[in-house]
Amino acid sequence: MSPVSGATIVFWGLLWAGFCVGLCFGPWRAAPRLLGWAALACVVHLYTLWLVPPWTVWAYWLGLVPVTWLREMAWPAPLNWLGKSIGVLCSLSWVYAWRRTTPVAAGLVRPAPGSVRAITPAVLVVAVGLLVEAYASRYSFLPLTAVQHLYYLTLPGLDEEVFYRGALLGLLAPGLPRTLPLPGTRTSWGGVVGVLLFTLGHGLGYPSRLFELGFGADFWRYMRAWWSPTHFPLHTVLFQLGMGTFFLWVRERTGSTWVAAAVHCLMNGCLSLGHAAG
């Protein structure tokens with residue numbers, strides 16, 4: 001395992017910023033400066049995940065452990081405690097350090113009175129559904145350790161909600177009014193952008209060899225494989241789109257990103273527990 005090339009890193013950051021700008025292409029004229037900050041926030045969030053490798057990978061890069069140890073400890077996907085934690089801090093920094101949005105706009109506040117009770121039936125239905133589905137497909141997944149269970153119960157949901165339904169939505173809020181209906185509430189185009197980026201982030205792979213193959217036949221074969229529909233299958237798109245929309249509804253219905261993060265962690269917990277049942 002080697003560090004990704006600088007050209008690949010720049011390409012992926014520009015691509016992610018371009019997604020953000022492109023998705024807001026219609027309404028962005030109302031607040032182009034705010035959209036620029038939102039695009040930069042997308043790049044920063046992406047880079048915290050790709051440029052801050054897990055501690056197991058750092059141990060291998062520094063020559064402290066052999067690759068066989070890395071595979072035994074973390075294969076095939078090391079848990080990125082460090083990257084996710086820094087991602088949370090960066091998302092909070094847009095609100096509290098750089099003050100590009102406010103806690104209220106980012107939903108970093110307590111839920112509205114009675115709103116948690118209102119969403120509870122829907123949350124329970126979705127949680128039970130995910131638990132049943134995960135249990136039915138448990139033999140398709142590798143067993144998880146206690147540390148892996150703890151990771152999936154905490155950081156992924158916290159990081160993703162504080163960014164997509166928190167900082168990003170807050171950065172876009174002044175230029176994008178809440179006019180789009182959701183059951184019992186409303187959202188803005190910024191909320192939709194967060195859902196679409198959330199879906200892409202769970203489906204698009206990292207083209208780490210894109211700038212290492214030149215422009216010959218190998219390059220184009222690699223590009224065709226990377227853009228293939230099987231690389232981003234329909235069932236993945238629909239599942240992540242549905243879950244992203246659900247988390248957005250929770251955030252808007254309660255007014256709190258913290259509630260959305262808690263629900264996200266609950267859903268991840270249902271998946272990991274269902275996959276682990278034997």
# chains A, B, ... in the order shown; residues from 1 in each chain; ligands from 1
>>> residues_around(residues="A:His202", least_positions_apart="6", cutoff="9 Å", atoms="only C-alpha atoms", output="MDAnalysis selection string")
chainID A and resid 236:237 240
>>> write_last_selection(atoms="C-alpha atoms", output="PDB file, in the first residue's frame")
ATOM      1  CA  THR A 236     -26.446   1.056  -3.808  1.00  0.00           C
ATOM      2  CA  VAL A 237     -27.659   4.326  -5.301  1.00  0.00           C
ATOM      3  CA  GLN A 240     -27.966   5.547   0.001  1.00  0.00           C
TER       4      GLN A 240
END
>>> select_by_dssp(residues="stretch 51-190 of chain A", states="alpha helix (DSSP H)", output="ChimeraX atom specification")
/A:55-61,67-74,81-96,115-136,146-160,168-172,189-190
>>> select_by_dssp(residues="stretch 62-199 of chain A", states="strand (DSSP E)", output="NGL selection string")
:A and (180-182 or 185-187)
>>> write_last_selection(atoms="all heavy atoms", output="PDB file, in the first residue's frame")
ATOM      1  N   LEU A 180     -38.717  23.417  -0.292  1.00  0.00           N
ATOM      2  CA  LEU A 180     -39.015  22.065  -0.767  1.00  0.00           C
ATOM      3  C   LEU A 180     -39.714  21.272   0.332  1.00  0.00           C
ATOM      4  O   LEU A 180     -39.210  21.175   1.446  1.00  0.00           O
ATOM      5  CB  LEU A 180     -37.722  21.358  -1.189  1.00  0.00           C
ATOM      6  CG  LEU A 180     -36.885  22.079  -2.256  1.00  0.00           C
ATOM      7  CD1 LEU A 180     -35.600  21.310  -2.522  1.00  0.00           C
ATOM      8  CD2 LEU A 180     -37.685  22.239  -3.539  1.00  0.00           C
ATOM      9  N   PRO A 181     -40.871  20.674   0.043  1.00  0.00           N
ATOM     10  CA  PRO A 181     -41.634  20.002   1.101  1.00  0.00           C
ATOM     11  C   PRO A 181     -41.077  18.630   1.463  1.00  0.00           C
ATOM     12  O   PRO A 181     -40.610  17.873   0.609  1.00  0.00           O
ATOM     13  CB  PRO A 181     -43.034  19.872   0.469  1.00  0.00           C
ATOM     14  CG  PRO A 181     -42.771  19.821  -1.013  1.00  0.00           C
ATOM     15  CD  PRO A 181     -41.577  20.695  -1.250  1.00  0.00           C
ATOM     16  N   LEU A 182     -41.107  18.346   2.753  1.00  0.00           N
ATOM     17  CA  LEU A 182     -40.881  17.022   3.317  1.00  0.00           C
ATOM     18  C   LEU A 182     -42.014  16.771   4.300  1.00  0.00           C
ATOM     19  O   LEU A 182     -42.646  17.725   4.760  1.00  0.00           O
ATOM     20  CB  LEU A 182     -39.530  16.958   4.038  1.00  0.00           C
ATOM     21  CG  LEU A 182     -38.261  16.887   3.192  1.00  0.00           C
ATOM     22  CD1 LEU A 182     -37.035  17.003   4.087  1.00  0.00           C
ATOM     23  CD2 LEU A 182     -38.210  15.614   2.378  1.00  0.00           C
ATOM     24  N   THR A 185     -42.401  19.071   7.403  1.00  0.00           N
ATOM     25  CA  THR A 185     -41.359  20.104   7.451  1.00  0.00           C
ATOM     26  C   THR A 185     -41.001  20.528   6.035  1.00  0.00           C
ATOM     27  O   THR A 185     -41.651  20.129   5.072  1.00  0.00           O
ATOM     28  CB  THR A 185     -40.106  19.573   8.185  1.00  0.00           C
ATOM     29  OG1 THR A 185     -39.165  20.632   8.337  1.00  0.00           O
ATOM     30  CG2 THR A 185     -39.468  18.420   7.428  1.00  0.00           C
ATOM     31  N   ARG A 186     -39.966  21.327   5.910  1.00  0.00           N
ATOM     32  CA  ARG A 186     -39.456  21.759   4.610  1.00  0.00           C
ATOM     33  C   ARG A 186     -37.933  21.724   4.630  1.00  0.00           C
ATOM     34  O   ARG A 186     -37.306  21.780   5.687  1.00  0.00           O
ATOM     35  CB  ARG A 186     -39.936  23.182   4.262  1.00  0.00           C
ATOM     36  CG  ARG A 186     -41.410  23.266   3.933  1.00  0.00           C
ATOM     37  CD  ARG A 186     -41.823  24.673   3.546  1.00  0.00           C
ATOM     38  NE  ARG A 186     -43.217  24.724   3.150  1.00  0.00           N
ATOM     39  CZ  ARG A 186     -43.653  24.470   1.917  1.00  0.00           C
ATOM     40  NH1 ARG A 186     -42.776  24.200   0.957  1.00  0.00           N
ATOM     41  NH2 ARG A 186     -44.928  24.519   1.635  1.00  0.00           N
ATOM     42  N   THR A 187     -37.355  21.658   3.438  1.00  0.00           N
ATOM     43  CA  THR A 187     -35.909  21.718   3.311  1.00  0.00           C
ATOM     44  C   THR A 187     -35.559  22.630   2.157  1.00  0.00           C
ATOM     45  O   THR A 187     -36.438  23.144   1.451  1.00  0.00           O
ATOM     46  CB  THR A 187     -35.305  20.324   3.107  1.00  0.00           C
ATOM     47  OG1 THR A 187     -33.872  20.397   3.227  1.00  0.00           O
ATOM     48  CG2 THR A 187     -35.642  19.749   1.727  1.00  0.00           C
TER      49      THR A 187
END
>>> residues_around(residues="A:Leu172", least_positions_apart="5", cutoff="8 Å", atoms="only C-alpha atoms", output="list in words")
Leu34, Leu35, Ala38 and Gly190 of chain A
>>> closest_residue(among="A:Leu51, A:Cys270, A:Val10, A:Val147", to="A:Ile86", atoms="only C-alpha atoms")
A:Leu51
>>> decode(residues="stretch 137-272 of chain A", atoms="C-alpha atoms", output="short mmCIF file (atom, residue, chain, number, x, y, z; two decimals), in the first residue's frame")
data_model
loop_
_atom_site.label_atom_id
_atom_site.label_comp_id
_atom_site.auth_asym_id
_atom_site.auth_seq_id
_atom_site.Cartn_x
_atom_site.Cartn_y
_atom_site.Cartn_z
CA SER A 137 -27.68 -11.09 4.55
CA ARG A 138 -25.31 -11.78 7.47
CA TYR A 139 -23.40 -14.57 5.71
CA SER A 140 -22.27 -12.15 2.98
CA PHE A 141 -20.18 -10.11 5.45
CA LEU A 142 -17.02 -10.73 7.41
CA PRO A 143 -17.38 -10.94 11.21
CA LEU A 144 -16.66 -7.72 13.08
CA THR A 145 -14.51 -7.25 16.15
CA ALA A 146 -15.67 -5.27 19.20
CA VAL A 147 -13.54 -2.33 18.07
CA GLN A 148 -15.13 -2.39 14.62
CA HIS A 149 -18.60 -2.45 16.17
CA LEU A 150 -17.69 0.58 18.28
CA TYR A 151 -16.39 2.42 15.23
CA TYR A 152 -19.52 1.85 13.15
CA LEU A 153 -21.72 2.80 16.10
CA THR A 154 -20.06 6.20 16.44
CA LEU A 155 -17.77 8.00 14.02
CA PRO A 156 -19.20 7.41 10.50
CA GLY A 157 -22.66 8.66 11.44
CA LEU A 158 -21.34 11.57 13.47
CA ASP A 159 -18.88 12.69 10.80
CA GLU A 160 -21.31 12.44 7.90
CA GLU A 161 -24.23 14.16 9.62
CA VAL A 162 -22.20 17.01 11.11
CA PHE A 163 -20.90 17.69 7.61
CA TYR A 164 -23.74 16.93 5.14
CA ARG A 165 -26.72 17.90 7.30
CA GLY A 166 -24.77 20.35 9.46
CA ALA A 167 -21.91 22.45 8.11
CA LEU A 168 -22.71 22.08 4.39
CA LEU A 169 -26.42 22.77 4.83
CA GLY A 170 -25.57 25.74 7.05
CA LEU A 171 -23.09 27.18 4.54
CA LEU A 172 -25.68 26.99 1.75
CA ALA A 173 -28.65 28.12 3.87
CA PRO A 174 -28.49 31.92 3.32
CA GLY A 175 -28.73 31.60 -0.47
CA LEU A 176 -31.13 28.65 -0.65
CA PRO A 177 -34.48 29.12 1.13
CA ARG A 178 -36.43 26.17 2.59
CA THR A 179 -39.16 25.81 -0.03
CA LEU A 180 -39.01 22.07 -0.77
CA PRO A 181 -41.63 20.00 1.10
CA LEU A 182 -40.88 17.02 3.32
CA PRO A 183 -43.43 15.26 5.58
CA GLY A 184 -44.14 17.70 8.39
CA THR A 185 -41.36 20.10 7.45
CA ARG A 186 -39.46 21.76 4.61
CA THR A 187 -35.91 21.72 3.31
CA SER A 188 -33.80 23.69 0.86
CA TRP A 189 -31.90 22.79 -2.28
CA GLY A 190 -28.85 22.72 -0.01
CA GLY A 191 -30.39 19.72 1.75
CA VAL A 192 -30.85 17.98 -1.60
CA VAL A 193 -27.24 18.71 -2.53
CA GLY A 194 -26.12 17.14 0.75
CA VAL A 195 -28.14 14.00 0.01
CA LEU A 196 -26.74 13.70 -3.52
CA LEU A 197 -23.15 14.17 -2.35
CA PHE A 198 -23.78 11.70 0.47
CA THR A 199 -24.97 9.16 -2.12
CA LEU A 200 -22.00 9.77 -4.40
CA GLY A 201 -19.61 9.53 -1.48
CA HIS A 202 -20.85 6.04 -0.68
CA GLY A 203 -20.65 4.80 -4.24
CA LEU A 204 -17.80 6.37 -6.18
CA GLY A 205 -14.48 4.64 -5.71
CA TYR A 206 -11.11 6.31 -5.53
CA PRO A 207 -9.29 6.30 -8.92
CA SER A 208 -5.85 5.91 -7.35
CA ARG A 209 -4.16 4.76 -10.59
CA LEU A 210 -5.72 7.37 -12.86
CA PHE A 211 -2.51 9.38 -13.30
CA GLU A 212 -0.11 6.44 -13.15
CA LEU A 213 -1.07 4.73 -16.41
CA GLY A 214 -0.22 7.39 -19.00
CA PHE A 215 -2.73 7.76 -21.83
CA GLY A 216 -2.39 4.39 -23.50
CA ALA A 217 -4.72 1.41 -23.71
CA ASP A 218 -4.31 0.60 -20.00
CA PHE A 219 -5.52 4.08 -19.07
CA TRP A 220 -8.73 3.80 -21.11
CA ARG A 221 -9.44 0.26 -19.89
CA TYR A 222 -9.10 1.53 -16.35
CA MET A 223 -11.38 4.50 -17.05
CA ARG A 224 -14.07 2.25 -18.58
CA ALA A 225 -13.94 -0.02 -15.54
CA TRP A 226 -14.10 2.94 -13.14
CA TRP A 227 -17.13 4.53 -14.85
CA SER A 228 -18.92 1.22 -15.38
CA PRO A 229 -22.50 1.03 -13.99
CA THR A 230 -21.43 -2.06 -12.05
CA HIS A 231 -18.99 0.14 -10.15
CA PHE A 232 -21.89 2.17 -8.76
CA PRO A 233 -24.81 -0.30 -8.86
CA LEU A 234 -28.43 0.83 -8.81
CA HIS A 235 -29.28 -0.86 -5.50
CA THR A 236 -26.45 1.06 -3.81
CA VAL A 237 -27.66 4.33 -5.30
CA LEU A 238 -31.25 3.76 -4.20
CA PHE A 239 -30.30 2.63 -0.69
CA GLN A 240 -27.97 5.55 0.00
CA LEU A 241 -30.37 8.02 -1.61
CA GLY A 242 -33.18 6.72 0.60
CA MET A 243 -31.10 6.81 3.79
CA GLY A 244 -29.70 10.26 3.00
CA THR A 245 -33.22 11.58 2.46
CA PHE A 246 -34.36 9.98 5.71
CA PHE A 247 -31.52 11.58 7.68
CA LEU A 248 -32.31 14.93 6.05
CA TRP A 249 -35.96 14.56 7.11
CA VAL A 250 -34.91 13.82 10.70
CA ARG A 251 -32.64 16.86 10.73
CA GLU A 252 -35.26 19.21 9.30
CA ARG A 253 -38.16 17.78 11.34
CA THR A 254 -36.28 18.17 14.63
CA GLY A 255 -34.15 21.17 13.65
CA SER A 256 -31.13 19.37 15.09
CA THR A 257 -28.16 17.82 13.32
CA TRP A 258 -27.31 16.05 16.60
CA VAL A 259 -30.55 14.07 16.40
CA ALA A 260 -29.80 13.16 12.78
CA ALA A 261 -26.33 11.99 13.86
CA ALA A 262 -27.80 9.88 16.67
CA VAL A 263 -30.30 8.28 14.26
CA HIS A 264 -27.53 7.65 11.73
CA CYS A 265 -25.42 5.94 14.40
CA LEU A 266 -28.45 3.86 15.42
CA MET A 267 -28.97 2.70 11.83
CA ASN A 268 -25.30 1.83 11.44
CA GLY A 269 -25.54 -0.09 14.71
CA CYS A 270 -28.52 -2.07 13.40
CA LEU A 271 -26.56 -3.01 10.29
CA SER A 272 -23.42 -4.06 12.18
#
